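Trainee: For reference, the structure I am asking about is given below.
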Amino acid sequence: MKDIKIITEHWGKINPLKIEEYINFGGYGALEKFVLKMNPEKAIEEIQKSGLCGRGGAGFPTGDKLEMVAKNTSETKYFICNLEESEPGTYKDRLIVDNNPHILLEGIIISALSIGAKKAFIYINGNYEKQKEILEKALAQSREKKYWGENILGSAFRLEIEIYSGAGAYICGEETALINSVEGNRGEPKLRPPFPTEVGLFGSPTVVDNAETIANIPWIILNGGKKYSAIGSKNSPGTKIFLLNGAVEKPGTYEAPTGITVKKLIDEYAGGIKKGKEFWFAQIGGACGKLLLEKELKVKMEFGKECECPLGSGSILVVDKSVNIHDLLISWTDFFRRESCGKCVPCREGTFRLWEIAKRFRDGKISDRDKKAIEDILWTLDNTTFCPLGKFAGTAFRDAIAKNILTF
Amino acid sequence: MNIKINNKIYEAKENETVLDVCKREGIRIPTLCGFEGLPREGVCRLCLVEMGGRLMTSCTAKVSEGLEVITENEKIEKARRINLELLWADHAGKCATCKKNQMCELQNLALEYKIENFHFIPRKGEITGAEELDLIKDNWSRVVVENENPCISRNSELCIECRRCINVCPEKKFGFNYRGNSVVVGTPYEKVLDCSFCGKCAEACPTGALTDQNDYVKIVDDLDNLEKFSVAVLDLGIEEKILKVIGKISPEKDLNKLLINLGFEKIVKLGKENLKIEFVKNIKDEYSRTKKINQQDIVIFFISSRIYEKAKKDKNLDYVLSEREVARLVRDKEKIKEGKIKM
């Protein structure tokens with residue numbers, strides 16, 4: 001099972017700036033199959049069969065999302081590729097573009113055509129300047145080959161693709177905030193419902209999919225949904241790019257089937273804990289992720305409501321005992337303080353107060369009053385914020401206290 | 001359709017929100033970001049109610065058949081209190097000297113929810129040296145205090161980012177600048193406010209962040225000065241507005257009595273036939289002729305919602321007072337009269 005590669009298959013084997021090399025490896029074969037031998041309904045059926053779910057963190061079934069918009073009779077529809085990854089420790093989408101931008105483009109074209117969209121956007125993080133350039137080149141090459149534009153591969157399909165660069169705000173990874181940003185408004189979440197699949201970009205039904213999710217689509221179209229659903233865990237099949245950082249022997253990105261345990265990822269993929277270091281805990285899924293102690297490392301990495309630990313973006317930060325937890329605490333809280341959009345009260349004020357308290361922790365000036373304050377802020381973040389950012393902003397803090405990693 | 005609020009059945013119409021029904025039925029739900037006629041944003045997180053075991057903002061929750069809502073329990077109270085306290089912690093409240101004292105919605109809510117502990121704000125000695133400088137830089141560097149435009153006084157220290165002014169402004173002059181805790185409601189590129197000064201933002205602002213620009217000390221001096229003949233010129237329809245604002249601080253219903261108490265010698269009402277400002281201009285001439293008073297000693301106070309008259313700097317209108325400024329004068333007079341403030 002270790003050898004199954006879907007997204008990283010071509011990494012290192014092809015020059016990402018040359019479309020021909022990807023084509024020689026069978027690239028754009030899925031698009032040809034889609035245009036010549038399939039129809040949108042069949043393609044969505046295959047994706048639904050595959051059980052593919054969103055890789056951005058929420059894990060919503062991709063096929064269902066595509067179907068919702070495909071069934072909508074609205075004239076204009078949009079497809080957006082979410083490449084606004086700014087979770088600390090997460091760089092999977094960047095690496096996909098770096099190593100093989102065409103697999104992403106192929107996925108975007110198939111998904112957009114399957115829902116009947118005539119226009120697709122690639123919403124890219126404002127800091128990914130190099131990646132934007134790569135994508136621009138890849139787009140020019142694929143347009144020349146008639147993979148997108150008017151009459152795709154001689155058929156009646158047509159699609160325009162535009163790259164939209166954000167300004168590097170974490171909140172714009174949230175789909176309604178992303179849509180706000182593309183519309184030219186301030187990047188902050190909108191009220192849901194209505195969901196973007198009903199009222200999305202410029203009021204039209206819109207699908208927003210994570211780049212990694214999209215990169216799975218060509219394989220599913222080529223090999224069939226059934227084959228894909230056999231890989232990995234039952235609830236969220238497929239492979240996932242895991243990013244192992246911190247105190248491991250070989251930090252880096254590894255594609256592995258979902259349902260793998262954290263222990264296996266650390267030991268078999270990343271070469272175990274770094275020599276001379278003592279494992280303390282692992283953080284799963286970026287700054288908003290849960291913390292796992294050594295005895296909990298057997299949890300399976302999967303999406304879905306019943307999962308033991310939300311997989312998030314797939315980043316695993318291994319922290320050893322030489323790390324100063326107070327510095328880490330400041331870094332978490334500072335991140336959310338900066339990235340909160342400022343729309344709702346608990347997130348705007350709460351994340352800021354948490355950051356202040358984190359600094360008092362470091363200075364050893366924590367008081368009983370602060371204990372009550374932490375409790376209150378974490379509670380209100382969990383229960384009353386406008387969007388999920390606030391809800392997740394306190395996860396690591398809460399876990400650190402609950403698991404005795406942080407002591408008063 | 002029927003919905004259940006606190007185990008009692010109420011009738012609701014299609015597309016109404018839970019807050020609409022509660023307001024109609026007289027069920028108290030605190031709100032800060034909601035204001036008559038404005039889009040419901042759901043940002044203050046105070047109108048929370050419990051639906052299906054989850055806390056939801058009642059201002060954005062649409063009603064549906066058989067919906068069950070609880071508006072008052074321990075969990076809801078806790079959420080409202082914490083969010084109010086968080087707002088207070090960022091509100092540079094010097095209430096006693098605030099223009100909006102006793103007329104401030106945040107202050108009233110704090111009283112209602114008995115907010116007295118401020119356990120979110122660091123105490124003396126808890127932050128020191130460089131850290132303190134950092135905090136000052138972070139917390140206060142983006143405070144905008146602007147008194148350069150003729151009509152609206154802005155102070156973002158008192159702002160609670162409820163977005164009423166952003167939504168109410170017909171010219172879309174306000175917006176959010178920066179993000180996170182540094183968020184400031186202000187004009188693009190923080191320029192001096194330049195608009196038609198309809199005054200809707202000052203009317204909508206729940207706190208003292210947006211208030212009327214005036215020379216308060218001079219106004220009080222002129223009113224108290226026995227040598228000056230103060231004339232209050234009431235704009236059409238302003239009486240109701242004044243009484244509505246004053247209702248919060250004084251039970252007095254007789255406007256004439258209130259104004260004379262303030263020190264006005266004469267009250268003139270603009271009617272439908274003499275609505276024009278030109279009529280006001282004749283007042284000075286008329287009184288100097290009939291009452292044999294020097295023109296300089298006649299002070300005209302034009303009491304109107306049309307605060308843009310301030311910007312015109314008309315020589316015949318010595319002062320333009322909005323209903324909020326009159327309320328402020330009444331508030332301070334009451335305090336002095338009752339001996340709360342010793343002179």
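Identifiers for the structure tokens are assigned positionally: chains receive A, B, ... in sequence, residues are indexed from 1 per chain, and ligands are indexed from 1 in the order shown.
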Among segment 180-314 of chain B, which residues does DSSP mark as strand (DSSP E or B) when it is run on the backbone? Keep the chain and numbering as in the structure and answer as a PyMOL selection string.
Mentor: chain B and resi 184-186+210-212+229-234+266-269+298-303
Trainee: Can you work out which residues from chain A touch chain B at a cut-off of 10 Å (counting only C-alpha atoms) and hand them back as a PyMOL selection string?
Mentor: chain A and resi 169+186-188+190-193+336-354+356-357+359-360+363-374+376-377+379-381+383-386
Trainee: Can you list, as a list in words, every protein, DNA or RNA residue that comes within 10 Å of Val143 of chain B when you count only C-alpha atoms, leaving out same-chain residues fewer than 5 positions away?
Mentor: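 Selected residues are Asn155, Ser156, Glu157, Leu158, Cys159, Ser182, Val183, Val184, Val185 and Gly186 of chain B.
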Trainee: Go ahead and dump the residues you just picked, N, CA and C atoms, as a PDB file, in the first residue's frame.
Mentor:
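Contents of out-v4.pdb, as written:
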```pdb
ATOM      1  N   ASN B 155     -14.236  58.942  17.331  1.00  0.00           N
ATOM      2  CA  ASN B 155     -13.246  58.451  18.269  1.00  0.00           C
ATOM      3  C   ASN B 155     -13.308  56.929  18.294  1.00  0.00           C
ATOM      4  N   SER B 156     -12.339  56.292  17.641  1.00  0.00           N
ATOM      5  CA  SER B 156     -12.429  54.841  17.490  1.00  0.00           C
ATOM      6  C   SER B 156     -12.111  54.092  18.779  1.00  0.00           C
ATOM      7  N   GLU B 157     -11.602  54.821  19.798  1.00  0.00           N
ATOM      8  CA  GLU B 157     -11.377  54.169  21.090  1.00  0.00           C
ATOM      9  C   GLU B 157     -12.681  53.642  21.671  1.00  0.00           C
ATOM     10  N   LEU B 158     -13.766  54.337  21.365  1.00  0.00           N
ATOM     11  CA  LEU B 158     -15.058  53.968  21.938  1.00  0.00           C
ATOM     12  C   LEU B 158     -15.851  53.050  21.019  1.00  0.00           C
ATOM     13  N   CYS B 159     -15.267  52.775  19.856  1.00  0.00           N
ATOM     14  CA  CYS B 159     -15.992  52.000  18.847  1.00  0.00           C
ATOM     15  C   CYS B 159     -16.017  50.518  19.228  1.00  0.00           C
ATOM     16  N   SER B 182      -6.866  44.787  15.632  1.00  0.00           N
ATOM     17  CA  SER B 182      -6.495  46.143  15.193  1.00  0.00           C
ATOM     18  C   SER B 182      -7.558  46.785  14.326  1.00  0.00           C
ATOM     19  N   VAL B 183      -8.643  46.083  14.105  1.00  0.00           N
ATOM     20  CA  VAL B 183      -9.692  46.603  13.231  1.00  0.00           C
ATOM     21  C   VAL B 183     -10.155  47.990  13.681  1.00  0.00           C
ATOM     22  N   VAL B 184     -10.266  48.877  12.706  1.00  0.00           N
ATOM     23  CA  VAL B 184     -10.748  50.229  12.975  1.00  0.00           C
ATOM     24  C   VAL B 184     -11.821  50.550  11.949  1.00  0.00           C
ATOM     25  N   VAL B 185     -12.943  51.055  12.417  1.00  0.00           N
ATOM     26  CA  VAL B 185     -13.945  51.515  11.468  1.00  0.00           C
ATOM     27  C   VAL B 185     -13.554  52.919  11.059  1.00  0.00           C
ATOM     28  N   GLY B 186     -13.338  53.121   9.792  1.00  0.00           N
ATOM     29  CA  GLY B 186     -12.899  54.443   9.372  1.00  0.00           C
ATOM     30  C   GLY B 186     -13.111  54.668   7.892  1.00  0.00           C
TER      31      GLY B 186
END
```
Trainee: Considering only C-alpha atoms, return as a PyMOL selection string whatever protein or nucleic-acid residues lie within 6 Å of segment 12-22 of chain B, sequence-local ones (same chain, fewer than 4 positions apart) excluded.
Mentor: chain B and resi 1-2+26-27+58-59+61-63
Trainee: In Å, rounded to a single decimal, give me how far atom CA of Leu106 of chain B is from atom CA of Ile29 of chain B.
Mentor: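 Interatomic distance, atom CA of Ile29 of chain B to atom CA of Leu106 of chain B: 13.9 Å.
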Trainee: Name the residues in contact with Gly149 of chain A at a cut-off of 12 Å, using only C-alpha atoms, excluding same-chain residues fewer than 4 positions from it; report them as a list of chain:residue names.
Mentor: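 Close residues of Gly149 of chain A: A:Ile109, A:Leu113, A:Lys118, A:Lys119, A:Ala120, A:Leu139, A:Ala140, A:Gln141, A:Ser142, A:Arg143, A:Glu144, A:Lys145, A:Leu153, A:Gly154, A:Ser155, A:Ala156, A:Phe157, A:Arg158, A:Leu159, A:Glu160, A:Ile161, A:Glu162.
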Trainee: If you keep N, CA and C atoms, can you produce a file of those selected residues as a short mmCIF file (atom, residue, chain, number, x, y, z; two decimals), in the first residue's frame?
Mentor:
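File produced: part-v8.cif:
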```
data_model
loop_
_atom_site.label_atom_id
_atom_site.label_comp_id
_atom_site.auth_asym_id
_atom_site.auth_seq_id
_atom_site.Cartn_x
_atom_site.Cartn_y
_atom_site.Cartn_z
N ILE A 109 -10.17 21.57 -14.85
CA ILE A 109 -10.95 21.59 -16.11
C ILE A 109 -12.07 20.54 -16.04
N LEU A 113 -16.01 21.57 -15.93
CA LEU A 113 -16.89 21.16 -17.02
C LEU A 113 -18.01 20.26 -16.52
N LYS A 118 -18.64 27.82 -16.92
CA LYS A 118 -17.90 28.35 -18.08
C LYS A 118 -16.68 29.12 -17.62
N LYS A 119 -16.59 29.31 -16.33
CA LYS A 119 -15.46 30.09 -15.83
C LYS A 119 -14.94 29.46 -14.54
N ALA A 120 -13.63 29.31 -14.50
CA ALA A 120 -13.03 28.77 -13.27
C ALA A 120 -11.99 29.75 -12.77
N LEU A 139 -0.78 27.34 -17.66
CA LEU A 139 -2.06 27.69 -18.27
C LEU A 139 -1.88 28.03 -19.75
N ALA A 140 -0.82 28.80 -20.05
CA ALA A 140 -0.57 29.18 -21.44
C ALA A 140 -0.31 27.95 -22.29
N GLN A 141 0.49 27.01 -21.74
CA GLN A 141 0.81 25.80 -22.50
C GLN A 141 -0.44 24.95 -22.75
N SER A 142 -1.26 24.81 -21.70
CA SER A 142 -2.41 23.92 -21.88
C SER A 142 -3.48 24.56 -22.76
N ARG A 143 -3.50 25.88 -22.77
CA ARG A 143 -4.47 26.53 -23.65
C ARG A 143 -4.09 26.29 -25.11
N GLU A 144 -2.76 26.35 -25.35
CA GLU A 144 -2.28 26.12 -26.70
C GLU A 144 -2.66 24.72 -27.19
N LYS A 145 -2.64 23.80 -26.25
CA LYS A 145 -2.98 22.41 -26.61
C LYS A 145 -4.50 22.20 -26.64
N LEU A 153 -10.61 20.35 -27.00
CA LEU A 153 -10.32 19.11 -27.74
C LEU A 153 -11.33 18.88 -28.87
N GLY A 154 -11.75 19.97 -29.48
CA GLY A 154 -12.65 19.85 -30.61
C GLY A 154 -14.11 19.66 -30.25
N SER A 155 -14.42 19.63 -28.97
CA SER A 155 -15.81 19.42 -28.58
C SER A 155 -16.52 20.76 -28.41
N ALA A 156 -17.75 20.70 -27.91
CA ALA A 156 -18.50 21.94 -27.72
C ALA A 156 -18.22 22.57 -26.35
N PHE A 157 -17.44 21.89 -25.52
CA PHE A 157 -17.11 22.42 -24.19
C PHE A 157 -16.28 23.68 -24.31
N ARG A 158 -16.56 24.64 -23.41
CA ARG A 158 -15.65 25.78 -23.35
C ARG A 158 -15.50 26.21 -21.89
N LEU A 159 -14.32 26.74 -21.59
CA LEU A 159 -14.01 27.12 -20.22
C LEU A 159 -12.92 28.18 -20.19
N GLU A 160 -13.13 29.19 -19.38
CA GLU A 160 -12.08 30.20 -19.16
C GLU A 160 -11.51 29.98 -17.76
N ILE A 161 -10.21 30.10 -17.64
CA ILE A 161 -9.59 29.97 -16.32
C ILE A 161 -8.83 31.25 -15.99
N GLU A 162 -9.03 31.73 -14.78
CA GLU A 162 -8.35 32.96 -14.38
C GLU A 162 -7.68 32.74 -13.03
#
```
Trainee: What does the structure give for the distance between atom CA of Thr407 of chain A and atom CA of Glu116 of chain B, in Å to one decimal?
Mentor: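 Calculated distance between atom CA of Thr407 of chain A and atom CA of Glu116 of chain B is 28.3 Å.
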Trainee: At most 10 Å is the cut-off: for each residue in segment 309-398 of chain A with any atom that close to an atom of segment 247-256 of chain A, write down the nearest atom pair and the distance in Å rounded to one decimal, counting only C-alpha atoms, chain first then increasing number, as JSON lines.
Mentor:
```
{"residue": "A:Gly314", "atom": "CA", "partner": "A:Thr253", "partner_atom": "CA", "distance": 9.7}
{"residue": "A:Ser315", "atom": "CA", "partner": "A:Thr253", "partner_atom": "CA", "distance": 8.9}
{"residue": "A:Ile316", "atom": "CA", "partner": "A:Pro251", "partner_atom": "CA", "distance": 9.8}
{"residue": "A:Leu317", "atom": "CA", "partner": "A:Ala247", "partner_atom": "CA", "distance": 8.0}
{"residue": "A:Val318", "atom": "CA", "partner": "A:Ala247", "partner_atom": "CA", "distance": 5.4}
{"residue": "A:Val319", "atom": "CA", "partner": "A:Ala247", "partner_atom": "CA", "distance": 6.0}
{"residue": "A:Asp320", "atom": "CA", "partner": "A:Ala247", "partner_atom": "CA", "distance": 6.2}
{"residue": "A:Lys321", "atom": "CA", "partner": "A:Ala247", "partner_atom": "CA", "distance": 9.7}
{"residue": "A:Ser322", "atom": "CA", "partner": "A:Ala247", "partner_atom": "CA", "distance": 9.9}
{"residue": "A:Val323", "atom": "CA", "partner": "A:Ala247", "partner_atom": "CA", "distance": 9.8}
```
Trainee: Atoms to include: all heavy atoms. Write the selected residues as a short mmCIF file (atom, residue, chain, number, x, y, z; two decimals), in the first residue's frame.
Mentor:
```
data_model
loop_
_atom_site.label_atom_id
_atom_site.label_comp_id
_atom_site.auth_asym_id
_atom_site.auth_seq_id
_atom_site.Cartn_x
_atom_site.Cartn_y
_atom_site.Cartn_z
N GLY A 314 -3.46 18.04 7.09
CA GLY A 314 -2.54 16.93 6.92
C GLY A 314 -1.14 17.19 7.42
O GLY A 314 -0.24 16.38 7.22
N SER A 315 -0.94 18.32 8.08
CA SER A 315 0.39 18.58 8.59
C SER A 315 0.53 17.98 10.00
O SER A 315 -0.41 18.02 10.78
CB SER A 315 0.68 20.07 8.61
OG SER A 315 0.38 20.62 9.87
N ILE A 316 1.67 17.38 10.25
CA ILE A 316 1.92 16.79 11.57
C ILE A 316 3.19 17.41 12.13
O ILE A 316 4.27 17.25 11.55
CB ILE A 316 2.06 15.26 11.46
CG1 ILE A 316 0.73 14.66 10.99
CG2 ILE A 316 2.48 14.66 12.79
CD1 ILE A 316 0.82 13.21 10.60
N LEU A 317 3.02 18.13 13.21
CA LEU A 317 4.18 18.78 13.84
C LEU A 317 4.59 17.94 15.03
O LEU A 317 3.82 17.75 15.97
CB LEU A 317 3.81 20.20 14.27
CG LEU A 317 4.90 20.98 14.99
CD1 LEU A 317 6.02 21.32 14.03
CD2 LEU A 317 4.34 22.24 15.61
N VAL A 318 5.80 17.39 14.96
CA VAL A 318 6.27 16.56 16.07
C VAL A 318 7.11 17.44 17.01
O VAL A 318 8.10 18.03 16.59
CB VAL A 318 7.11 15.38 15.55
CG1 VAL A 318 7.64 14.54 16.70
CG2 VAL A 318 6.27 14.52 14.63
N VAL A 319 6.65 17.53 18.24
CA VAL A 319 7.31 18.41 19.19
C VAL A 319 8.07 17.57 20.22
O VAL A 319 7.50 16.64 20.79
CB VAL A 319 6.28 19.32 19.90
CG1 VAL A 319 6.96 20.24 20.89
CG2 VAL A 319 5.49 20.12 18.88
N ASP A 320 9.32 17.89 20.42
CA ASP A 320 10.09 17.14 21.41
C ASP A 320 10.20 17.96 22.68
O ASP A 320 9.78 19.11 22.74
CB ASP A 320 11.47 16.80 20.85
CG ASP A 320 12.29 18.04 20.65
OD1 ASP A 320 12.98 18.44 21.60
OD2 ASP A 320 12.24 18.64 19.56
N LYS A 321 10.78 17.32 23.70
CA LYS A 321 10.74 17.95 25.03
C LYS A 321 11.67 19.15 25.17
O LYS A 321 11.62 19.84 26.18
CB LYS A 321 11.07 16.89 26.08
CG LYS A 321 9.94 15.89 26.21
CD LYS A 321 9.69 15.41 27.62
CE LYS A 321 8.33 14.78 27.73
NZ LYS A 321 8.28 13.56 28.53
N SER A 322 12.51 19.39 24.16
CA SER A 322 13.39 20.56 24.29
C SER A 322 12.67 21.85 23.88
O SER A 322 13.20 22.94 24.04
CB SER A 322 14.63 20.36 23.42
OG SER A 322 14.26 20.41 22.06
N VAL A 323 11.47 21.71 23.36
CA VAL A 323 10.74 22.90 22.89
C VAL A 323 10.12 23.62 24.09
O VAL A 323 9.59 23.00 25.00
CB VAL A 323 9.64 22.48 21.89
CG1 VAL A 323 8.74 23.66 21.56
CG2 VAL A 323 10.25 21.93 20.64
#
```
Trainee: Please identify all polymer residues within 9 Å of Ile3 of chain B, counting only C-alpha atoms, omitting same-chain residues fewer than 6 positions from it, and present them as a ChimeraX atom specification.
Mentor: /B:9-12,63-69
